[in-house]
$ cat structure-v1.cif   # mmCIF, C-alpha atoms
data_data
loop_
_atom_site.label_atom_id
_atom_site.label_comp_id
_atom_site.auth_asym_id
_atom_site.auth_seq_id
_atom_site.Cartn_x
_atom_site.Cartn_y
_atom_site.Cartn_z
CA MET A 140 120.93 90.57 79.83
CA SER A 141 118.56 92.95 78.03
CA ARG A 142 115.45 94.53 79.53
CA SER A 143 113.27 92.13 77.50
CA ASP A 144 115.24 89.15 78.79
CA VAL A 145 114.83 90.31 82.38
CA GLU A 146 111.10 90.67 81.89
CA SER A 147 110.86 87.17 80.44
CA GLU A 148 113.04 85.60 83.13
CA LEU A 149 111.30 87.18 86.09
CA GLY A 150 107.80 87.21 84.67
CA LEU A 151 107.52 90.91 85.38
CA ASN A 152 105.81 93.63 83.44
CA VAL A 153 108.04 96.64 83.95
CA GLY A 154 106.19 98.81 81.43
CA PRO A 155 107.77 100.83 78.64
CA PRO A 156 110.93 102.82 79.42
CA PRO A 157 110.84 106.64 79.48
CA GLY A 158 110.16 108.07 76.05
CA TRP A 159 108.46 104.92 74.80
CA ARG A 160 104.81 103.92 74.35
CA ARG A 161 103.09 100.55 74.36
CA LEU A 162 101.15 99.21 71.39
CA ARG A 163 98.63 96.39 71.47
CA LEU A 164 98.47 94.23 68.33
CA HIS A 165 95.86 91.75 67.17
CA ILE A 166 97.37 89.25 64.74
CA ALA A 167 95.96 86.51 62.52
CA TYR A 168 98.14 83.87 60.93
CA CYS A 169 98.16 80.61 59.06
CA GLY A 170 100.55 78.45 61.05
CA THR A 171 101.34 75.94 58.29
CA PRO A 172 104.68 77.41 57.10
CA TRP A 173 105.92 78.48 60.55
CA ARG A 174 107.69 76.85 63.49
CA GLY A 175 105.12 78.16 65.94
CA TRP A 176 104.75 81.53 67.63
CA GLN A 177 107.94 81.65 69.68
CA SER A 178 111.17 83.09 68.33
CA GLN A 179 113.61 80.40 67.20
CA THR A 180 117.41 80.42 67.14
CA ILE A 181 117.25 79.37 63.48
CA GLY A 182 114.31 81.68 62.73
CA GLY A 183 110.94 80.63 61.39
CA GLY A 184 108.90 81.69 64.41
CA ILE A 185 106.00 84.08 63.89
CA GLN A 186 107.50 86.28 66.61
CA ASP A 187 110.70 86.45 64.52
CA GLU A 188 108.75 87.70 61.52
CA LEU A 189 106.99 90.39 63.55
CA ASN A 190 110.24 91.60 65.14
CA ALA A 191 111.83 91.75 61.69
CA ALA A 192 108.83 93.63 60.25
CA VAL A 193 109.06 96.31 62.96
CA LEU A 194 112.78 96.73 62.29
CA LYS A 195 112.28 96.93 58.54
CA ALA A 196 109.38 99.37 58.77
CA THR A 197 110.82 101.73 61.40
CA ARG A 198 114.55 100.86 61.87
CA VAL A 199 113.71 100.40 65.55
CA GLN A 200 114.62 97.17 67.30
CA THR A 201 112.04 96.01 69.81
CA MET A 202 110.46 92.78 71.02
CA VAL A 203 106.90 91.74 70.23
CA HIS A 204 105.46 89.82 73.22
CA GLY A 205 102.55 87.45 72.60
CA SER A 206 99.78 86.24 74.89
CA GLY A 207 101.30 82.77 74.73
CA ARG A 208 102.85 80.23 72.41
CA THR A 209 101.15 78.32 69.65
CA ASP A 210 102.79 75.17 68.27
CA ALA A 211 104.19 74.75 64.79
CA GLY A 212 101.29 74.41 62.35
CA VAL A 213 98.67 75.90 64.70
CA HIS A 214 96.69 78.86 63.38
CA ALA A 215 95.34 82.02 65.02
CA LEU A 216 92.26 84.04 64.19
CA GLU A 217 93.26 86.60 66.83
CA GLN A 218 96.52 86.33 68.69
CA VAL A 219 97.24 89.33 70.92
CA ALA A 220 100.66 90.87 71.42
CA HIS A 221 102.25 94.07 72.64
CA MET A 222 105.44 95.97 71.93
CA ASP A 223 107.10 99.17 73.09
CA VAL A 224 107.99 101.83 70.53
CA PRO A 225 109.62 105.28 70.79
CA GLU A 226 107.24 108.20 71.23
CA SER A 227 109.17 109.93 68.45
CA LEU A 228 107.50 107.49 66.04
CA ASN A 229 104.26 109.44 66.11
CA LEU A 230 102.30 107.06 63.89
CA ARG A 231 98.56 106.54 63.99
CA PRO A 232 97.41 102.95 64.66
CA GLU A 233 96.24 102.65 61.04
CA ALA A 234 99.68 103.64 59.83
CA TRP A 235 101.30 101.05 62.08
CA MET A 236 99.04 98.34 60.70
CA LYS A 237 99.74 99.32 57.10
CA ALA A 238 103.51 99.56 57.66
CA LEU A 239 103.79 96.20 59.43
CA ASN A 240 101.62 94.32 56.95
CA ALA A 241 103.71 95.71 54.10
CA CYS A 242 106.74 94.00 55.67
CA LEU A 243 105.12 90.73 56.73
CA PRO A 244 104.54 87.52 54.76
CA LEU A 245 100.97 87.16 53.54
CA THR A 246 100.37 84.28 55.97
CA ILE A 247 100.76 86.73 58.88
CA ARG A 248 98.48 89.76 59.14
CA VAL A 249 98.17 92.48 61.75
CA VAL A 250 94.41 93.07 61.90
CA GLU A 251 94.22 95.70 64.65
CA VAL A 252 96.62 98.12 66.37
CA ALA A 253 95.94 100.42 69.31
CA TYR A 254 97.97 102.39 71.83
CA CYS A 255 97.29 100.95 75.27
CA GLU A 256 97.99 101.53 78.93
CA PRO A 257 101.64 101.08 79.97
CA SER A 258 100.53 98.36 82.40
CA PHE A 259 98.96 96.20 79.68
CA HIS A 260 100.81 92.95 79.04
CA ALA A 261 99.62 90.55 76.35
CA ARG A 262 100.42 87.53 78.50
CA PHE A 263 100.07 88.59 82.12
CA SER A 264 96.92 90.69 81.63
CA ALA A 265 95.05 87.82 79.94
CA CYS A 266 92.35 86.03 81.94
CA GLY A 267 91.50 83.30 79.44
CA LYS A 268 91.55 82.01 75.89
CA VAL A 269 89.24 80.41 73.37
CA TYR A 270 90.48 77.60 71.11
CA ARG A 271 88.63 75.88 68.26
CA TYR A 272 89.46 72.54 66.68
CA ARG A 273 88.10 71.64 63.21
CA ILE A 274 87.50 68.01 62.21
CA TRP A 275 86.69 67.15 58.57
CA ARG A 276 83.84 64.64 58.23
CA ASN A 277 83.16 64.73 54.48
CA PRO A 278 84.21 61.68 52.40
CA TRP A 279 86.95 63.58 50.54
CA LEU A 280 89.24 66.32 51.79
CA SER A 281 89.12 69.64 50.00
CA PRO A 282 92.62 70.67 48.87
CA PHE A 283 91.86 74.12 50.25
CA GLU A 284 91.44 72.63 53.73
CA ALA A 285 94.69 70.66 53.77
CA ASP A 286 96.68 71.49 56.93
CA ARG A 287 93.65 73.36 58.29
CA VAL A 288 91.50 70.45 59.50
CA TRP A 289 91.90 66.90 60.80
CA PRO A 290 90.18 64.41 58.46
CA VAL A 291 88.39 61.79 60.59
CA HIS A 292 86.33 59.26 58.64
CA GLY A 293 83.95 56.57 59.80
CA PRO A 294 81.13 56.59 62.36
CA LEU A 295 81.36 58.56 65.58
CA ASP A 296 79.50 57.96 68.82
CA MET A 297 78.22 61.51 69.26
CA ASP A 298 76.51 60.77 72.58
CA SER A 299 79.74 59.52 74.16
CA LEU A 300 81.59 62.45 72.64
CA GLN A 301 79.12 64.91 74.18
CA THR A 302 79.31 63.19 77.57
CA CYS A 303 83.11 63.38 77.66
CA LEU A 304 83.13 66.90 76.27
CA SER A 305 80.74 68.08 78.98
CA SER A 306 82.88 66.47 81.68
CA LEU A 307 85.75 68.81 80.78
CA VAL A 308 83.82 71.82 82.10
CA GLY A 309 85.03 72.74 85.56
CA THR A 310 88.34 72.76 87.39
CA HIS A 311 90.52 69.70 86.83
CA ASN A 312 94.09 68.51 87.06
CA PHE A 313 95.06 68.17 83.39
CA ALA A 314 98.40 66.44 83.99
CA CYS A 315 97.24 63.42 81.96
CA LEU A 316 95.88 65.60 79.15
CA SER A 317 98.93 67.82 78.65
CA ALA A 318 102.55 67.34 77.67
CA ASN A 319 105.78 67.97 79.52
CA ARG A 320 107.79 70.87 78.10
CA GLY A 321 110.94 69.19 79.38
CA ASP A 322 111.76 71.76 82.05
CA MET A 323 111.26 69.21 84.85
CA PRO A 324 110.95 65.42 85.21
CA GLU A 325 107.42 64.11 84.68
CA THR A 326 107.51 62.47 88.12
CA LEU A 327 108.04 65.92 89.63
CA ARG A 328 105.37 67.57 87.47
CA ARG A 329 102.83 65.01 88.72
CA THR A 330 103.44 66.16 92.31
CA MET A 331 102.65 69.81 91.52
CA PRO A 332 98.91 70.08 90.82
CA GLU A 333 99.11 73.86 91.12
CA LYS A 334 101.00 73.81 87.80
CA THR A 335 98.64 71.47 85.97
CA THR A 336 95.20 72.53 87.23
CA ARG A 337 93.06 74.65 84.91
CA THR A 338 89.40 75.65 84.67
CA ILE A 339 87.38 75.07 81.50
CA HIS A 340 84.37 77.40 81.38
CA ARG A 341 82.89 76.12 78.13
CA ALA A 342 83.34 73.02 75.95
CA GLU A 343 80.98 72.81 72.99
CA MET A 344 80.64 71.04 69.66
CA ARG A 345 78.80 71.79 66.45
CA LEU A 346 78.53 69.96 63.13
CA GLU A 347 77.89 72.08 60.07
CA GLY A 348 78.70 71.52 56.41
CA GLY A 349 80.54 68.30 57.16
CA ILE A 350 82.92 69.96 59.64
CA LEU A 351 82.81 69.07 63.32
CA GLU A 352 84.06 71.92 65.48
CA LEU A 353 85.06 71.55 69.12
CA GLU A 354 85.45 74.83 70.99
CA PHE A 355 87.00 75.35 74.42
CA GLU A 356 87.06 78.43 76.63
CA GLY A 357 89.21 78.37 79.73
CA ASP A 358 91.33 80.40 82.10
CA GLY A 359 94.46 78.90 80.55
CA PHE A 360 95.74 75.91 78.63
CA LEU A 361 98.81 73.77 79.23
CA TYR A 362 101.36 72.65 76.66
CA LYS A 363 99.57 70.64 73.92
CA MET A 364 96.50 70.38 76.18
CA VAL A 365 93.85 71.13 73.54
CA ARG A 366 95.36 68.71 71.03
CA LEU A 367 95.51 65.95 73.64
CA MET A 368 91.94 66.63 74.74
CA VAL A 369 90.69 66.46 71.15
CA GLY A 370 92.72 63.36 70.29
CA SER A 371 91.46 61.58 73.41
CA LEU A 372 87.86 62.63 72.75
CA MET A 373 88.12 61.19 69.24
CA GLN A 374 89.43 57.88 70.62
CA VAL A 375 86.19 57.57 72.59
CA ALA A 376 83.98 58.79 69.73
CA ARG A 377 85.55 56.25 67.34
CA GLY A 378 84.99 53.41 69.81
CA ARG A 379 88.70 52.87 70.42
CA ALA A 380 88.51 53.82 74.10
CA THR A 381 85.79 54.05 76.72
CA ALA A 382 84.25 57.04 78.45
CA ASP A 383 85.56 55.59 81.71
CA TRP A 384 89.11 55.78 80.32
CA PHE A 385 88.57 59.45 79.51
CA GLN A 386 87.15 60.15 82.97
CA ASP A 387 90.18 58.48 84.53
CA LEU A 388 92.43 60.94 82.69
CA LEU A 389 90.55 63.78 84.41
CA THR A 390 90.15 62.36 87.89
CA ASN A 391 93.14 60.09 88.49
CA PRO A 392 96.42 62.02 88.77
CA LYS A 393 98.30 58.69 88.65
CA ALA A 394 96.72 57.59 85.35
CA VAL A 395 98.92 56.96 82.34
CA GLN A 396 99.24 60.14 80.30
CA SER A 397 97.23 60.15 77.08
CA ASN A 398 99.30 59.90 73.90
CA GLN A 399 96.36 60.62 71.58
CA MET A 400 97.41 63.97 70.16
CA ALA A 401 95.35 65.54 67.38
CA PRO A 402 97.31 67.09 64.48
CA ALA A 403 98.34 70.73 64.79
CA GLY A 404 96.66 71.85 61.57
CA GLY A 405 93.11 71.65 62.92
CA LEU A 406 93.74 73.94 65.89
CA TYR A 407 92.94 77.67 65.97
CA LEU A 408 93.46 80.28 68.68
CA VAL A 409 90.16 82.13 68.34
CA ARG A 410 90.66 84.96 70.82
CA VAL A 411 92.38 86.00 74.02
CA LEU A 412 90.23 87.23 76.91
CA TYR A 413 91.09 90.27 79.07
#
$ encode --input "structure-v1.cif" --output "structure tokens"
Amino acid sequence: MSRSDVESELGLNVGPPPGWRRLRLHIAYCGTPWRGWQSQTIGGGIQDELNAAVLKATRVQTMVHGSGRTDAGVHALEQVAHMDVPESLNLRPEAWMKALNACLPLTIRVVEVAYCEPSFHARFSACGKVYRYRIWRNPWLSPFEADRVWPVHGPLDMDSLQTCLSSLVGTHNFACLSANRGDMPETLRRTMPEKTTRTIHRAEMRLEGGILELEFEGDGFLYKMVRLMVGSLMQVARGRATADWFQDLLTNPKAVQSNQMAPAGGLYLVRVLY
């Protein structure tokens, strides 16, 4: 097992080995053509493309570690990652950015590079994230927004939407508004609130130019949690479910899990908080 594998398995940040330095990367990407952030056995993960770009640019094999996974089709305005590189590669941050972008597909861009403390870890040093979901409200969908918004037509009950949105702020057990990754039976996951409890610090909406944006800031987000929150909120706003149903998802750990998942294309990782 490699050093990177050990770090992933144990959840430890062992820092760069002797003779290596740690780089912090800020990355933007359009998720439409990719199978999500995480490296895939068959390729197609954004992490795969970044690892390949480092190898092509420097002939050094290393592992780019992200702050967390994004699903297939989900976009990022600012994903954060780190990687360890030999000190012998004495490149300025600007040179790193230019070299990596020259080797990356145009749908993935490194927008900032900096040398950082050896103790920095893109995932374990993070204290929160901000996600934004974009909902298209105009009568016709712009072809330039395809796979980047969720078109939702018809009237919306904005008061009920605001009430349910506001109720998300605080610390809740999100077992009913998240999905099971498949690493344990759902019956077991429901008995472990320490794994499914998160704190939402901010949940806001704004409507501008025919696009409804829902933005969430929290200390962490579970698997498919934002998409299930948005899909469930839209069920209430469209009059297909009640506000009481939504509240039950937040307060009743025995409630039936929501299956109202918003499409991936409208979701954006806005920034990672440290």
$ resolve_selection --input "structure-v1.cif" --expression "the PyMOL selection byres ((chain A and resi 294-302) around 8)" --output "short mmCIF file (atom, residue, chain, number, x, y, z; two decimals) with C-alpha atoms, in the frame of the given file"
data_model
loop_
_atom_site.label_atom_id
_atom_site.label_comp_id
_atom_site.auth_asym_id
_atom_site.auth_seq_id
_atom_site.Cartn_x
_atom_site.Cartn_y
_atom_site.Cartn_z
CA HIS A 292 86.33 59.26 58.64
CA GLY A 293 83.95 56.57 59.80
CA CYS A 303 83.11 63.38 77.66
CA LEU A 304 83.13 66.90 76.27
CA SER A 305 80.74 68.08 78.98
CA SER A 306 82.88 66.47 81.68
CA MET A 344 80.64 71.04 69.66
CA LEU A 372 87.86 62.63 72.75
CA MET A 373 88.12 61.19 69.24
CA VAL A 375 86.19 57.57 72.59
CA ALA A 376 83.98 58.79 69.73
CA ARG A 377 85.55 56.25 67.34
CA GLY A 378 84.99 53.41 69.81
CA ALA A 382 84.25 57.04 78.45
#
$ resolve_selection --input "structure-v1.cif" --expression "the PyMOL selection byres ((chain A and resi 287) around 10)" --output "list in words"
Cys169, Gly170, Thr171, Gly212, Val213, His214, Tyr272, Arg273, Ile274, Trp275, Pro282, Phe283, Glu284, Ala285, Asp286, Val288, Trp289, Pro290, Pro402, Ala403, Gly404, Gly405, Leu406 and Tyr407 of chain A
$ atom_distance --input "structure-v1.cif" --atom1 "atom CA of Gln179 of chain A" --atom2 "atom CA of Ala211 of chain A"
11.2 Å
$ closest_atom_pairs --input "structure-v1.cif" --of "segment 154-214 of chain A" --to "segment 225-228 of chain A" --cutoff "12 Å" --atoms "only C-alpha atoms" --output "tab-separated table"
residue	atom	partner	partner_atom	distance
A:Pro155	CA	A:Pro225	CA	9.2
A:Pro156	CA	A:Pro225	CA	9.1
A:Pro157	CA	A:Pro225	CA	8.9
A:Gly158	CA	A:Glu226	CA	5.6
A:Trp159	CA	A:Pro225	CA	4.2
A:Arg160	CA	A:Glu226	CA	5.8
A:Arg161	CA	A:Pro225	CA	8.8
A:Leu162	CA	A:Pro225	CA	10.4
A:Val193	CA	A:Leu228	CA	11.7
A:Ala196	CA	A:Leu228	CA	11.1
A:Thr197	CA	A:Leu228	CA	8.1
A:Arg198	CA	A:Leu228	CA	10.5
A:Val199	CA	A:Pro225	CA	8.2
A:Gln200	CA	A:Pro225	CA	10.1
A:Thr201	CA	A:Pro225	CA	9.6
$ atom_distance --input "structure-v1.cif" --atom1 "atom CA of Asn398 of chain A" --atom2 "atom CA of Ser317 of chain A"
9.2 Å
$ resolve_selection --input "structure-v1.cif" --expression "the PyMOL selection byres ((chain A and resi 308) around 6)" --output "NGL selection string"
:A and (305-307 or 309 or 339-341)
$ residues_around --input "structure-v1.cif" --residues "segment 358-367 of chain A" --least-positions-apart "5" --cutoff "10 Å" --atoms "all atoms listed in the file" --output "PyMOL selection string"
chain A and resi 207-210+265-272+310+313-320+334-340+353+372-373+396-403+405-406+411-412
$ build_atoms --input "structure-v1.cif" --residues "segment 230-260 of chain A" --atoms "N, CA and C atoms" --output "PDB file, in the coordinates of the input"
ATOM      1  N   LEU A 230     103.127 107.651  64.937  1.00  0.00           N
ATOM      2  CA  LEU A 230     102.300 107.060  63.890  1.00  0.00           C
ATOM      3  C   LEU A 230     100.916 106.735  64.431  1.00  0.00           C
ATOM      4  N   ARG A 231      99.902 106.957  63.625  1.00  0.00           N
ATOM      5  CA  ARG A 231      98.560 106.540  63.990  1.00  0.00           C
ATOM      6  C   ARG A 231      98.468 105.011  63.933  1.00  0.00           C
ATOM      7  N   PRO A 232      97.553 104.415  64.701  1.00  0.00           N
ATOM      8  CA  PRO A 232      97.410 102.950  64.660  1.00  0.00           C
ATOM      9  C   PRO A 232      97.221 102.399  63.246  1.00  0.00           C
ATOM     10  N   GLU A 233      96.457 103.111  62.408  1.00  0.00           N
ATOM     11  CA  GLU A 233      96.240 102.650  61.040  1.00  0.00           C
ATOM     12  C   GLU A 233      97.539 102.633  60.255  1.00  0.00           C
ATOM     13  N   ALA A 234      98.388 103.597  60.519  1.00  0.00           N
ATOM     14  CA  ALA A 234      99.680 103.640  59.830  1.00  0.00           C
ATOM     15  C   ALA A 234     100.583 102.509  60.276  1.00  0.00           C
ATOM     16  N   TRP A 235     100.537 102.186  61.574  1.00  0.00           N
ATOM     17  CA  TRP A 235     101.300 101.050  62.080  1.00  0.00           C
ATOM     18  C   TRP A 235     100.851  99.762  61.393  1.00  0.00           C
ATOM     19  N   MET A 236      99.557  99.562  61.304  1.00  0.00           N
ATOM     20  CA  MET A 236      99.040  98.340  60.700  1.00  0.00           C
ATOM     21  C   MET A 236      99.461  98.225  59.237  1.00  0.00           C
ATOM     22  N   LYS A 237      99.357  99.319  58.513  1.00  0.00           N
ATOM     23  CA  LYS A 237      99.740  99.320  57.100  1.00  0.00           C
ATOM     24  C   LYS A 237     101.236  99.063  56.933  1.00  0.00           C
ATOM     25  N   ALA A 238     102.060  99.706  57.771  1.00  0.00           N
ATOM     26  CA  ALA A 238     103.510  99.560  57.660  1.00  0.00           C
ATOM     27  C   ALA A 238     103.952  98.135  57.981  1.00  0.00           C
ATOM     28  N   LEU A 239     103.383  97.553  59.043  1.00  0.00           N
ATOM     29  CA  LEU A 239     103.790  96.200  59.430  1.00  0.00           C
ATOM     30  C   LEU A 239     103.333  95.170  58.405  1.00  0.00           C
ATOM     31  N   ASN A 240     102.106  95.291  57.923  1.00  0.00           N
ATOM     32  CA  ASN A 240     101.620  94.320  56.950  1.00  0.00           C
ATOM     33  C   ASN A 240     102.391  94.394  55.636  1.00  0.00           C
ATOM     34  N   ALA A 241     102.903  95.565  55.309  1.00  0.00           N
ATOM     35  CA  ALA A 241     103.710  95.710  54.100  1.00  0.00           C
ATOM     36  C   ALA A 241     105.026  94.945  54.204  1.00  0.00           C
ATOM     37  N   CYS A 242     105.457  94.672  55.438  1.00  0.00           N
ATOM     38  CA  CYS A 242     106.740  94.000  55.670  1.00  0.00           C
ATOM     39  C   CYS A 242     106.592  92.555  56.126  1.00  0.00           C
ATOM     40  N   LEU A 243     105.371  92.084  56.243  1.00  0.00           N
ATOM     41  CA  LEU A 243     105.120  90.730  56.730  1.00  0.00           C
ATOM     42  C   LEU A 243     104.764  89.791  55.576  1.00  0.00           C
ATOM     43  N   PRO A 244     105.048  88.495  55.728  1.00  0.00           N
ATOM     44  CA  PRO A 244     104.540  87.520  54.760  1.00  0.00           C
ATOM     45  C   PRO A 244     103.022  87.514  54.770  1.00  0.00           C
ATOM     46  N   LEU A 245     102.425  87.102  53.655  1.00  0.00           N
ATOM     47  CA  LEU A 245     100.970  87.160  53.540  1.00  0.00           C
ATOM     48  C   LEU A 245     100.264  86.193  54.472  1.00  0.00           C
ATOM     49  N   THR A 246     100.985  85.223  55.025  1.00  0.00           N
ATOM     50  CA  THR A 246     100.370  84.280  55.970  1.00  0.00           C
ATOM     51  C   THR A 246     100.321  84.838  57.386  1.00  0.00           C
ATOM     52  N   ILE A 247     100.833  86.051  57.585  1.00  0.00           N
ATOM     53  CA  ILE A 247     100.760  86.730  58.880  1.00  0.00           C
ATOM     54  C   ILE A 247     100.203  88.122  58.653  1.00  0.00           C
ATOM     55  N   ARG A 248      99.112  88.457  59.315  1.00  0.00           N
ATOM     56  CA  ARG A 248      98.480  89.760  59.140  1.00  0.00           C
ATOM     57  C   ARG A 248      98.218  90.411  60.492  1.00  0.00           C
ATOM     58  N   VAL A 249      98.574  91.672  60.607  1.00  0.00           N
ATOM     59  CA  VAL A 249      98.170  92.480  61.750  1.00  0.00           C
ATOM     60  C   VAL A 249      96.790  93.039  61.427  1.00  0.00           C
ATOM     61  N   VAL A 250      95.787  92.699  62.224  1.00  0.00           N
ATOM     62  CA  VAL A 250      94.410  93.070  61.900  1.00  0.00           C
ATOM     63  C   VAL A 250      93.898  94.234  62.746  1.00  0.00           C
ATOM     64  N   GLU A 251      94.629  94.563  63.815  1.00  0.00           N
ATOM     65  CA  GLU A 251      94.220  95.700  64.650  1.00  0.00           C
ATOM     66  C   GLU A 251      95.428  96.183  65.443  1.00  0.00           C
ATOM     67  N   VAL A 252      95.551  97.500  65.575  1.00  0.00           N
ATOM     68  CA  VAL A 252      96.620  98.120  66.370  1.00  0.00           C
ATOM     69  C   VAL A 252      95.996  99.219  67.210  1.00  0.00           C
ATOM     70  N   ALA A 253      96.424  99.332  68.456  1.00  0.00           N
ATOM     71  CA  ALA A 253      95.940 100.420  69.310  1.00  0.00           C
ATOM     72  C   ALA A 253      97.008 100.746  70.339  1.00  0.00           C
ATOM     73  N   TYR A 254      97.138 102.023  70.685  1.00  0.00           N
ATOM     74  CA  TYR A 254      97.970 102.390  71.830  1.00  0.00           C
ATOM     75  C   TYR A 254      97.223 101.979  73.090  1.00  0.00           C
ATOM     76  N   CYS A 255      97.942 101.487  74.074  1.00  0.00           N
ATOM     77  CA  CYS A 255      97.290 100.950  75.270  1.00  0.00           C
ATOM     78  C   CYS A 255      97.984 101.468  76.530  1.00  0.00           C
ATOM     79  N   GLU A 256      97.419 101.127  77.661  1.00  0.00           N
ATOM     80  CA  GLU A 256      97.990 101.530  78.930  1.00  0.00           C
ATOM     81  C   GLU A 256      99.383 100.911  79.116  1.00  0.00           C
ATOM     82  N   PRO A 257     100.301 101.634  79.760  1.00  0.00           N
ATOM     83  CA  PRO A 257     101.640 101.080  79.970  1.00  0.00           C
ATOM     84  C   PRO A 257     101.631  99.775  80.762  1.00  0.00           C
ATOM     85  N   SER A 258     100.598  99.553  81.565  1.00  0.00           N
ATOM     86  CA  SER A 258     100.530  98.360  82.400  1.00  0.00           C
ATOM     87  C   SER A 258     100.014  97.137  81.638  1.00  0.00           C
ATOM     88  N   PHE A 259      99.494  97.342  80.419  1.00  0.00           N
ATOM     89  CA  PHE A 259      98.960  96.200  79.680  1.00  0.00           C
ATOM     90  C   PHE A 259     100.087  95.258  79.270  1.00  0.00           C
ATOM     91  N   HIS A 260      99.860  93.969  79.467  1.00  0.00           N
ATOM     92  CA  HIS A 260     100.810  92.950  79.040  1.00  0.00           C
ATOM     93  C   HIS A 260     100.015  91.839  78.356  1.00  0.00           C
TER      94      HIS A 260
END
